[in-house]
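A short write-up of the structure that comes next.
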Amino acid sequence: MQSLKELFKIGSGPSSSHTMGPKRAAEMFKEKNNEADKFEVILYGSLALTGKGHLTDYIIKEVLKPIPTTIHFNLEEECKVHPNTLDLIAYKNNKIIDQIRVYSVGGGTIKIEGQNEENAQNIYPHTTFEEIKTYCKAKNINLYSYVCEVEGKEEITEYLKQVWETMQNAINRGLSTTGTIPGSLKLKRRAKQIFEFMLDEETPEIRINRILSGYSYAVCEENASGGEIVTAPTCGACGVLPAVLYYMKTEKNYKDDKIIEGLAVAGLIGNLVKTNASISGAECGCQAEVGTACSMAAAAAAHILGLGTSRIENSAEVAMEHHLGLTCDPVYGYVQIPCIERNAVAAMRALDSTYLSMMLGKQKYISFDMVVETMYETGKDLSSHYRETSSGGLAKKYCRNKYYNKDMSKQE
Ligand code: SF4
C-alpha cells in the first residue's frame, strides 16, 4: 500500500478520476513534449460518456493551451483495462512525436500504460486489515500509531494538518456561499439553507442530521463548483469524511490533534479499499466511492471516540456493507445529482455505523476484508449502465423525463 498522501490529494473538483487524473496526465505529457505544435486527446469509456459533465475536456485544454488541442469522445470503442482511459498524442509538423495511453484509476491517481503507477512506492508492509490487526495486537499499538510507524509521525502529521485545514476551509466556504452550481442543471447551493434550518423545537436527532448534512453539502457544492477540496477518497465522495470530522470537532469538542488521528485511521481504511478493490465509480459503482467514504468516516469516528481496533473494523465494515450494490448514475455526468445528497446521507450513516458497532457483541460474522472483497466482486458484476456512464438509473430516468439531448457536445 502507498502513502496516505497518495489517497488524500488536495486539488480542485469536480472529479478525481475525470478531472484531477486527466489534468495530471496532460501536465506530464505537455512537460515531456514541449516541442509539440498540436495535441490530440481521445477519451474512452466513462471519460467519453460523462467527460463533458465532469469538465474533462475543459481541464485538458486548459492545461495544454496555448498549443491547439483536439478532443475526441470515442463512444464506440470499449477499453478492457479500465473504463477511464485516454490517449494523448503529440504532433510536430503534422508528424506524431509521442503517444501515451493513460488510465485514470480513481482518486486522482493515473497509470501510464507500460509504466508503474506514478512512481508511487508501496510503503506499507501489510495489505489486509487482518494482517494489520495481528501486527498491532502483537506490538500493542493502535491503528494511528501503526500509520505513524510506517509513514513517520512528523511527516504524516504535517501532511494531514494541511488536509484537515483544506477540509475545514471547504466547509466554511461552502456554508457561506449561495447561488447556483455551474452546469445546465442549474442546481441551487443549499448548504447554508440546510445548516441554518430551524424548527421551533429542534430534537437532538434533527440537530445531528442538520449539521452533518450542512457540512457535507458545503464540501460537495464546493467540489461541484470547481473549489479546492480533498479526495476522501475521491472528489465525488469528498463530503462525507470532513462532515463527520468537523461534527466531532464542533459538536463534540474534540481537539484538532485527535481529529488528525482519526484522519489517519480513515486513510488506512481508504487505502485498504484502494489496494484490494477500487475507489473508482467507473470501475465499481458508487459503493466504491461513497461506500468507501462512509467506511472511512465511520472508522475515524470510532477512533476519535476511543474504540479499539476491533470496533473500528466493525464500524468500517458495517458502513461499507450497507452500501453494497450502490450504483453510479450522475445526471448529465455532473457530480451533483445524486452525488451531493448521497454524501450527506452517508455522513449520517457513518455515525450510525459507529454507534451500532458499539452495541454489537464480540462475535463477528463479516470481516472488513471480506466486505471489501465483496464490494469489488459486486462492482465487477454491475452493468456498465451503473458505472459512471450516465446511461442508467437516475441519469437515464431524469434525462428521459426532462430534456435529454443525445448530442454530448450540447450538454453544457
Ligand atoms: S454517483 Fe457516486 S460514484 Fe458516481 S459520480 Fe456521483 S459520487 Fe461519484
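Please note that chains go A, B, ... in the order of the C-alpha cells, that every chain numbers its residues from 1, and that ligands are numbered from 1 in the order shown.
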
### Task
Write out as number ranges by chain each polymer residue (protein, DNA or RNA) that has an atom no more than 8 Å from ligand 1, with only C-alpha atoms and all ligand atoms counted.
A: 15, 234-237, 280-282, 285-290, 327-330, 333-340, 342-343, 387-388

### Query
A:Met167: which residues within 9 Å, counting only C-alpha atoms, same-chain residues fewer than 4 positions away excluded, as a VMD selection string?
chain A and resid 162 to 163 171 to 172 219 228 to 230 238 to 239 241 to 243 246

### Task
Would you mind writing down, as number ranges by chain, each residue of stretch 302-344 of chain A that DSSP on the backbone assigns to helix (DSSP H, G or I)?
A: 302-304, 309-321, 331-333, 339-344

### Query
Could you name the residues that touch A:Lys65 at 12 Å or less, counting only C-alpha atoms, but leaving out those on the same chain fewer than 5 positions away, as JSON, numbers by chain?
{"A": [26, 27, 30, 34, 36, 37, 38, 39, 58, 59, 60, 70]}

### Query
Counting only C-alpha atoms, which of A:Ala224, A:Leu305, A:Ala395, A:Ala293 gets nearest to A:Lys252?
A:Leu305

### Query
Any idea what's packed within 8 Å of stretch 346-362 of chain A, counting only C-alpha atoms, ignoring anything in its chain fewer than 4 positions away? Could you give it as a list in words?
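Non-adjacent residues within range: Asn209, Leu212, Ser213, Ser216, Gly239, Val240, Leu241, Ala243, Val244, Val290, Gly291, Ala293, Cys294, Ser295, Ala297, Ala298, Ala299, Ala301, Ala302, Arg311, Ile312, Asn314, Ser315, Ala316, Val318, Ala319 and Arg342 of chain A.
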
### Task
Mind checking which residues fall within 9 Å of A:Thr374, counting only C-alpha atoms, ignoring those fewer than 4 positions away in the same chain, and posting them as a count of residues only?
7

## Note on the structure
Using only C-alpha atoms, the shortest atom-to-atom distance to A:Lys255 among A:Pro22, A:Ile304, A:Thr109, A:Pro125 belongs to A:Ile304
